[in-house]
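Visitor: Sharing final.cif (mmCIF, C-alpha atoms) below.
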```
data_target
loop_
_atom_site.group_PDB
_atom_site.id
_atom_site.type_symbol
_atom_site.label_atom_id
_atom_site.label_comp_id
_atom_site.auth_asym_id
_atom_site.auth_seq_id
_atom_site.Cartn_x
_atom_site.Cartn_y
_atom_site.Cartn_z
ATOM 1 C CA PRO A 1 27.388 2.383 -23.845
ATOM 2 C CA TYR A 2 24.328 1.377 -21.893
ATOM 3 C CA PRO A 3 21.895 -1.079 -23.585
ATOM 4 C CA GLY A 4 18.800 0.825 -24.687
ATOM 5 C CA GLY A 5 20.353 4.225 -24.119
ATOM 6 C CA ALA A 6 19.801 6.797 -21.417
ATOM 7 C CA ALA A 7 16.001 6.608 -21.724
ATOM 8 C CA ARG A 8 16.013 3.102 -20.218
ATOM 9 C CA LEU A 9 17.908 4.263 -17.120
ATOM 10 C CA LYS A 10 14.605 5.376 -15.577
ATOM 11 C CA ASN A 11 13.112 1.876 -15.827
ATOM 12 C CA ARG A 12 13.797 0.767 -12.255
ATOM 13 C CA PHE A 13 12.686 -2.799 -12.957
ATOM 14 C CA MET A 14 15.497 -3.546 -15.417
ATOM 15 C CA HIS A 15 18.289 -2.842 -12.923
ATOM 16 C CA LEU A 16 17.222 -4.679 -9.827
ATOM 17 C CA THR A 17 16.854 -8.282 -8.872
ATOM 18 C CA ASN A 18 15.044 -7.253 -5.703
ATOM 19 C CA TYR A 19 11.849 -9.293 -5.379
ATOM 20 C CA SER A 20 10.003 -6.612 -3.403
ATOM 21 C CA ILE A 21 10.417 -4.211 -6.341
ATOM 22 C CA ASN A 22 10.077 -6.620 -9.246
ATOM 23 C CA ARG A 23 6.823 -8.130 -7.987
ATOM 24 C CA ASN A 24 5.230 -4.783 -8.974
ATOM 25 C CA ASN A 25 6.492 -5.106 -12.557
ATOM 26 C CA ALA A 26 3.767 -5.701 -15.154
ATOM 27 C CA ASN A 27 5.810 -8.632 -16.553
ATOM 28 C CA PHE A 28 6.250 -10.319 -13.179
ATOM 29 C CA VAL A 29 4.888 -13.897 -13.083
ATOM 30 C CA ARG A 30 3.851 -14.973 -9.585
ATOM 31 C CA PRO A 31 4.992 -18.481 -8.599
ATOM 32 C CA GLU A 32 1.324 -19.481 -8.049
ATOM 33 C CA ASP A 33 0.371 -18.402 -11.582
ATOM 34 C CA ASP A 34 3.056 -20.593 -13.172
ATOM 35 C CA ALA A 35 4.344 -23.226 -10.777
ATOM 36 C CA GLY A 36 7.508 -23.859 -12.695
ATOM 37 C CA MET A 37 10.276 -22.373 -14.755
ATOM 38 C CA GLY A 38 8.137 -19.549 -16.164
ATOM 39 C CA ALA A 39 7.721 -17.884 -12.773
ATOM 40 C CA SER A 40 9.820 -14.857 -11.836
ATOM 41 C CA LYS A 41 10.929 -16.456 -8.566
ATOM 42 C CA TRP A 42 12.285 -19.995 -8.195
ATOM 43 C CA SER A 43 13.159 -22.232 -5.305
ATOM 44 C CA LEU A 44 16.696 -23.585 -5.087
ATOM 45 C CA ASN A 45 15.374 -26.985 -6.231
ATOM 46 C CA GLU A 46 13.838 -25.361 -9.324
ATOM 47 C CA LEU A 47 17.147 -23.643 -10.096
ATOM 48 C CA ILE A 48 19.036 -26.923 -9.724
ATOM 49 C CA GLY A 49 16.478 -28.666 -11.954
ATOM 50 C CA TRP A 50 16.817 -25.982 -14.620
ATOM 51 C CA TRP A 51 20.603 -26.072 -14.355
ATOM 52 C CA ASN A 52 20.768 -29.841 -14.734
ATOM 53 C CA ALA A 53 18.371 -29.751 -17.705
ATOM 54 C CA ASN A 54 20.533 -27.131 -19.442
ATOM 55 C CA VAL A 55 23.998 -28.260 -18.337
ATOM 56 C CA GLU A 56 25.132 -28.910 -21.915
ATOM 57 C CA CYS A 57 24.740 -25.157 -22.629
ATOM 58 C CA LEU A 58 26.578 -24.111 -19.485
ATOM 59 C CA GLU A 59 30.269 -24.099 -18.640
ATOM 60 C CA HIS A 60 29.940 -25.922 -15.289
ATOM 61 C CA ASP A 61 27.694 -28.542 -13.729
ATOM 62 C CA TRP A 62 25.660 -27.612 -10.661
ATOM 63 C CA GLY A 63 28.101 -29.209 -8.200
ATOM 64 C CA GLU A 64 30.923 -26.972 -9.413
ATOM 65 C CA VAL A 65 28.701 -23.890 -9.366
ATOM 66 C CA TRP A 66 27.460 -24.694 -5.862
ATOM 67 C CA ASP A 67 31.055 -25.082 -4.633
ATOM 68 C CA MET A 68 31.939 -21.680 -6.160
ATOM 69 C CA THR A 69 28.823 -20.159 -4.559
ATOM 70 C CA VAL A 70 29.679 -21.520 -1.104
ATOM 71 C CA ASP A 71 33.246 -20.265 -1.599
ATOM 72 C CA VAL A 72 32.161 -16.685 -2.391
ATOM 73 C CA ILE A 73 29.739 -16.691 0.584
ATOM 74 C CA ILE A 74 32.445 -17.923 2.977
ATOM 75 C CA LYS A 75 34.911 -15.324 1.685
ATOM 76 C CA THR A 76 32.299 -12.602 2.136
ATOM 77 C CA LEU A 77 31.636 -13.673 5.734
ATOM 78 C CA LEU A 78 35.362 -13.899 6.480
ATOM 79 C CA SER A 79 35.820 -10.346 5.231
ATOM 80 C CA VAL A 80 33.489 -9.015 7.959
ATOM 81 C CA GLU A 81 34.229 -11.553 10.696
ATOM 82 C CA ASN A 82 36.251 -9.187 12.910
ATOM 83 C CA ALA A 83 33.628 -6.435 12.741
ATOM 84 C CA VAL A 84 30.800 -8.867 13.524
ATOM 85 C CA VAL A 85 32.670 -10.461 16.441
ATOM 86 C CA GLN A 86 33.467 -7.022 17.889
ATOM 87 C CA GLN A 87 29.807 -5.999 17.711
ATOM 88 C CA VAL A 88 28.649 -9.257 19.272
ATOM 89 C CA HIS A 89 31.017 -8.826 22.210
ATOM 90 C CA ARG A 90 30.050 -5.173 22.579
ATOM 91 C CA LEU A 91 26.288 -5.717 22.415
ATOM 92 C CA CYS A 92 25.696 -9.194 23.864
ATOM 93 C CA LYS A 93 26.091 -10.067 27.506
ATOM 94 C CA HIS A 94 26.360 -13.760 26.587
ATOM 95 C CA PRO A 95 27.868 -13.889 23.061
ATOM 96 C CA ASN A 96 27.459 -17.657 22.729
ATOM 97 C CA THR A 97 23.678 -17.329 22.993
ATOM 98 C CA CYS A 98 23.023 -15.223 19.904
ATOM 99 C CA PHE A 99 23.128 -15.786 16.168
ATOM 100 C CA GLU A 100 22.593 -13.824 12.976
ATOM 101 C CA LEU A 101 20.827 -14.751 9.750
ATOM 102 C CA PHE A 102 22.305 -13.213 6.608
ATOM 103 C CA GLY A 103 20.547 -13.181 3.251
ATOM 104 C CA PHE A 104 22.804 -13.408 0.198
ATOM 105 C CA ASP A 105 21.731 -12.204 -3.245
ATOM 106 C CA ILE A 106 23.891 -14.039 -5.780
ATOM 107 C CA LEU A 107 24.069 -13.328 -9.516
ATOM 108 C CA TYR A 108 25.569 -15.845 -11.954
ATOM 109 C CA ASP A 109 27.303 -14.388 -15.026
ATOM 110 C CA ALA A 110 27.460 -15.909 -18.511
ATOM 111 C CA HIS A 111 30.442 -18.016 -17.393
ATOM 112 C CA CYS A 112 28.520 -19.422 -14.392
ATOM 113 C CA LYS A 113 30.625 -17.402 -11.965
ATOM 114 C CA PRO A 114 28.722 -16.342 -8.825
ATOM 115 C CA TRP A 115 28.841 -12.686 -7.780
ATOM 116 C CA VAL A 116 27.559 -11.331 -4.466
ATOM 117 C CA LEU A 117 25.102 -8.531 -5.265
ATOM 118 C CA GLU A 118 24.277 -7.749 -1.660
ATOM 119 C CA VAL A 119 24.132 -9.220 1.805
ATOM 120 C CA ASN A 120 21.034 -8.512 3.863
ATOM 121 C CA ILE A 121 21.564 -8.397 7.608
ATOM 122 C CA MET A 122 17.799 -8.485 8.152
ATOM 123 C CA PRO A 123 16.347 -10.592 5.324
ATOM 124 C CA SER A 124 12.572 -10.595 5.121
ATOM 125 C CA LEU A 125 10.985 -13.690 6.617
ATOM 126 C CA CYS A 126 7.486 -12.520 5.717
ATOM 127 C CA PRO A 127 6.135 -14.775 2.956
ATOM 128 C CA SER A 128 4.559 -13.125 -0.062
ATOM 129 C CA SER A 129 3.535 -16.310 -1.885
ATOM 130 C CA VAL A 130 2.948 -20.009 -1.306
ATOM 131 C CA LEU A 131 6.468 -20.669 -2.639
ATOM 132 C CA ASP A 132 7.889 -18.069 -0.252
ATOM 133 C CA HIS A 133 6.009 -19.600 2.681
ATOM 134 C CA GLY A 134 7.494 -23.031 1.987
ATOM 135 C CA ILE A 135 11.031 -21.707 1.531
ATOM 136 C CA LYS A 136 10.997 -19.395 4.548
ATOM 137 C CA SER A 137 9.307 -21.934 6.839
ATOM 138 C CA GLN A 138 12.016 -24.480 6.027
ATOM 139 C CA LEU A 139 14.703 -21.815 6.473
ATOM 140 C CA VAL A 140 13.479 -20.903 9.964
ATOM 141 C CA ALA A 141 13.151 -24.576 10.937
ATOM 142 C CA HIS A 142 16.705 -25.343 9.743
ATOM 143 C CA MET A 143 18.083 -22.223 11.408
ATOM 144 C CA LEU A 144 16.497 -23.063 14.772
ATOM 145 C CA THR A 145 17.726 -26.654 14.486
ATOM 146 C CA LEU A 146 21.273 -25.423 13.790
ATOM 147 C CA VAL A 147 21.279 -23.231 16.905
ATOM 148 C CA GLY A 148 19.893 -26.066 19.044
ATOM 149 C CA VAL A 149 16.335 -24.913 19.757
ATOM 150 C CA THR A 150 14.078 -27.865 20.524
ATOM 151 C CA PRO A 151 10.307 -27.875 19.975
ATOM 152 C CA TYR A 152 8.204 -26.832 22.945
ATOM 153 C CA ASP A 153 6.236 -29.722 24.458
ATOM 154 C CA ARG A 154 3.370 -28.243 26.497
ATOM 155 C CA LYS A 155 2.283 -31.630 27.872
ATOM 156 C CA LYS A 156 5.794 -32.427 29.117
ATOM 157 C CA TRP A 157 6.036 -28.958 30.739
ATOM 158 C CA TRP A 158 2.743 -29.443 32.599
ATOM 159 C CA GLU A 159 3.881 -32.878 33.792
ATOM 160 C CA HIS A 160 7.136 -31.358 35.066
ATOM 161 C CA GLU A 161 5.241 -28.490 36.715
ATOM 162 C CA ASP A 162 2.808 -30.903 38.438
ATOM 163 C CA HIS A 163 5.738 -32.990 39.703
ATOM 164 C CA ARG A 164 7.514 -29.871 40.995
ATOM 165 C CA LYS A 165 4.382 -28.696 42.848
ATOM 166 C CA ARG A 166 3.801 -32.137 44.418
ATOM 167 C CA SER A 167 7.424 -32.257 45.527
ATOM 168 C CA ARG A 168 7.076 -28.854 47.193
ATOM 169 C CA LEU A 169 3.828 -29.850 48.938
ATOM 170 C CA THR A 170 5.282 -33.075 50.301
ATOM 171 C CA GLY A 171 8.615 -31.525 51.235
ATOM 172 C CA GLN A 172 10.565 -33.752 48.857
ATOM 173 C CA ASP A 173 12.183 -30.698 47.260
ATOM 174 C CA ARG A 174 13.988 -30.006 50.594
ATOM 175 C CA ALA A 175 15.207 -33.548 51.005
ATOM 176 C CA HIS A 176 18.020 -32.901 48.509
ATOM 177 C CA THR A 177 19.336 -29.730 50.177
#
```
Would you encode the structure as structure tokens?
Guide:
Amino acid sequence: PYPGGAARLKNRFMHLTNYSINRNNANFVRPEDDAGMGASKWSLNELIGWWNANVECLEHDWGEVWDMTVDVIIKTLLSVENAVVQQVHRLCKHPNTCFELFGFDILYDAHCKPWVLEVNIMPSLCPSSVLDHGIKSQLVAHMLTLVGVTPYDRKKWWEHEDHRKRSRLTGQDRAHT
């Protein structure tokens, strides 16, 4: 038996956790309208804060839940590792120079168990709110740091370019060959 009967099956907002759909729901509360627990979208820090404030009503503390969440994400990635590696080797000339960002949608049941709802292979990085901008900006910064990208220093590049040009003009670039 489905809660609310068959008539509620047509309400697309009650089935999905997808932000891009639910933000069109009349009951959706934008993070800017209620910067806190009443909003329909939370940051991870807000979730942790809520969890810690309500831990006496829950079966696990946040540390345990986070460990279970990491575990289910790792198991999900391991289940597709061979397929991903095969595609990387097939499509990339230099496989060690590419990376992939996956977006995980996780649902926690009444027993605090995490369930993977879906994995996005192209998660949206386009911010739709101030909260989104902060989260996604930090995500991109962390991701680029993890893969070893360093910030571009225009002044340092111009200094290097000037030095290279002077060396060519004076013939010092041939002295080492």
Visitor: Please indicate the distance in Å from atom CA of Cys112 of chain A to atom CA of His60 of chain A, rounded to one decimal place.
Guide: 6.7 Å
Visitor: Convert the output of the PyMOL selection byres ((chain A and resi 101-109) around 10) on the shown file into explicit residues, formatted as a list in words.
Guide: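 Checked against the file, the PyMOL selection byres ((chain A and resi 101-109) around 10) matches Thr17, Asn18, Val65, Thr69, Val72, Ile73, Thr76, Leu77, Phe99, Glu100, Ala110, His111, Cys112, Lys113, Pro114, Trp115, Val116, Leu117, Glu118, Val119, Asn120, Ile121, Met122, Pro123, Ser124, Leu139, Val140 and Met143 of chain A.
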Visitor: May I ask for the distance between atom CA of Pro127 of chain A and atom CA of Arg23 of chain A, given in Å to one decimal place?
Guide: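 Straight-line distance from atom CA of Pro127 of chain A to atom CA of Arg23 of chain A works out to 12.8 Å.
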Visitor: Could you tell me which of A:Trp62, A:Leu44, A:Gln87, A:Thr170 comes closest to Lys136 of chain A if we count only C-alpha atoms?
Guide: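 Checking each candidate against Lys136 of chain A, we get A:Leu44 as the closest.
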Visitor: Can you tell me how far atom CA of Asn27 of chain A sits from atom CA of Lys41 of chain A, in Å to one decimal?
Guide: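 So the two atoms, atom CA of Asn27 of chain A and atom CA of Lys41 of chain A, lie 12.3 Å apart.
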Visitor: Can you report as AutoDock Vina command-line options the centre and edge lengths in Å, to one decimal, of an axis-aligned box around the listed atoms of segment 38-55 of chain A padded with 8 Å on each side?
Guide:
```
--center_x 15.9 --center_y -22.3 --center_z -12.3 --size_x 32.3 --size_y 31.0 --size_z 30.4
```
Visitor: Can I get segment 107-118 of chain A with all heavy atoms filled in, as a compact mmCIF listing (two decimals), in the frame of the given file?
Guide:
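And here's rebuild.txt as it stands now:
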```txt
# COMPACT_ATOMS: atom_id res chain seq x y z
N LEU A 107 24.31 -13.40 -8.08
CA LEU A 107 24.07 -13.33 -9.52
C LEU A 107 25.11 -14.20 -10.21
O LEU A 107 26.29 -14.16 -9.87
CB LEU A 107 24.22 -11.88 -10.00
CG LEU A 107 24.09 -11.64 -11.50
CD1 LEU A 107 22.64 -11.82 -11.94
CD2 LEU A 107 24.56 -10.23 -11.85
N TYR A 108 24.66 -15.01 -11.17
CA TYR A 108 25.57 -15.84 -11.95
C TYR A 108 25.76 -15.20 -13.33
O TYR A 108 24.79 -14.89 -14.01
CB TYR A 108 25.01 -17.27 -12.11
CG TYR A 108 24.87 -17.96 -10.79
CD1 TYR A 108 23.66 -18.00 -10.12
CD2 TYR A 108 25.97 -18.56 -10.19
CE1 TYR A 108 23.54 -18.63 -8.89
CE2 TYR A 108 25.86 -19.18 -8.95
CZ TYR A 108 24.64 -19.21 -8.31
OH TYR A 108 24.53 -19.82 -7.09
N ASP A 109 27.04 -15.00 -13.72
CA ASP A 109 27.30 -14.39 -15.03
C ASP A 109 27.25 -15.44 -16.13
O ASP A 109 26.96 -16.62 -15.88
CB ASP A 109 28.62 -13.61 -15.01
CG ASP A 109 29.86 -14.46 -14.86
OD1 ASP A 109 29.81 -15.69 -15.09
OD2 ASP A 109 30.92 -13.89 -14.52
N ALA A 110 27.54 -15.02 -17.35
CA ALA A 110 27.46 -15.91 -18.51
C ALA A 110 28.45 -17.07 -18.43
O ALA A 110 28.28 -18.08 -19.12
CB ALA A 110 27.71 -15.11 -19.78
N HIS A 111 29.45 -16.95 -17.57
CA HIS A 111 30.44 -18.02 -17.39
C HIS A 111 30.18 -18.84 -16.13
O HIS A 111 31.05 -19.54 -15.66
CB HIS A 111 31.85 -17.43 -17.35
CG HIS A 111 32.18 -16.63 -18.58
ND1 HIS A 111 32.41 -17.23 -19.81
CD2 HIS A 111 32.26 -15.30 -18.78
CE1 HIS A 111 32.65 -16.28 -20.70
NE2 HIS A 111 32.56 -15.10 -20.11
N CYS A 112 28.97 -18.68 -15.58
CA CYS A 112 28.52 -19.42 -14.39
C CYS A 112 29.25 -18.99 -13.11
O CYS A 112 29.20 -19.71 -12.11
CB CYS A 112 28.66 -20.93 -14.59
SG CYS A 112 27.82 -21.57 -16.04
N LYS A 113 29.92 -17.87 -13.16
CA LYS A 113 30.62 -17.40 -11.96
C LYS A 113 29.64 -16.67 -11.05
O LYS A 113 28.91 -15.79 -11.50
CB LYS A 113 31.76 -16.46 -12.36
CG LYS A 113 32.56 -15.96 -11.18
CD LYS A 113 33.71 -15.08 -11.59
CE LYS A 113 34.44 -14.60 -10.34
NZ LYS A 113 35.55 -13.73 -10.66
N PRO A 114 29.62 -17.03 -9.76
CA PRO A 114 28.72 -16.34 -8.82
C PRO A 114 29.32 -15.01 -8.36
O PRO A 114 30.51 -14.92 -8.08
CB PRO A 114 28.60 -17.33 -7.65
CG PRO A 114 29.87 -18.12 -7.70
CD PRO A 114 30.31 -18.16 -9.13
N TRP A 115 28.46 -14.01 -8.28
CA TRP A 115 28.84 -12.69 -7.78
C TRP A 115 27.88 -12.30 -6.66
O TRP A 115 26.66 -12.45 -6.80
CB TRP A 115 28.75 -11.64 -8.89
CG TRP A 115 29.73 -11.87 -9.99
CD1 TRP A 115 29.56 -12.62 -11.12
CD2 TRP A 115 31.06 -11.34 -10.06
NE1 TRP A 115 30.69 -12.60 -11.89
CE2 TRP A 115 31.63 -11.81 -11.27
CE3 TRP A 115 31.82 -10.52 -9.23
CZ2 TRP A 115 32.92 -11.49 -11.66
CZ3 TRP A 115 33.10 -10.19 -9.64
CH2 TRP A 115 33.64 -10.67 -10.83
N VAL A 116 28.41 -11.80 -5.56
CA VAL A 116 27.56 -11.33 -4.47
C VAL A 116 27.03 -9.95 -4.84
O VAL A 116 27.81 -9.01 -5.02
CB VAL A 116 28.34 -11.26 -3.13
CG1 VAL A 116 27.46 -10.66 -2.04
CG2 VAL A 116 28.82 -12.65 -2.73
N LEU A 117 25.71 -9.83 -4.98
CA LEU A 117 25.10 -8.53 -5.26
C LEU A 117 24.94 -7.73 -3.99
O LEU A 117 25.23 -6.55 -3.94
CB LEU A 117 23.72 -8.70 -5.91
CG LEU A 117 23.68 -9.23 -7.32
CD1 LEU A 117 22.24 -9.31 -7.80
CD2 LEU A 117 24.48 -8.34 -8.24
N GLU A 118 24.43 -8.41 -2.95
CA GLU A 118 24.28 -7.75 -1.66
C GLU A 118 24.10 -8.80 -0.58
O GLU A 118 23.76 -9.95 -0.86
CB GLU A 118 23.10 -6.77 -1.66
CG GLU A 118 21.73 -7.41 -1.60
CD GLU A 118 20.60 -6.41 -1.46
OE1 GLU A 118 20.79 -5.34 -0.85
OE2 GLU A 118 19.52 -6.71 -1.97
```
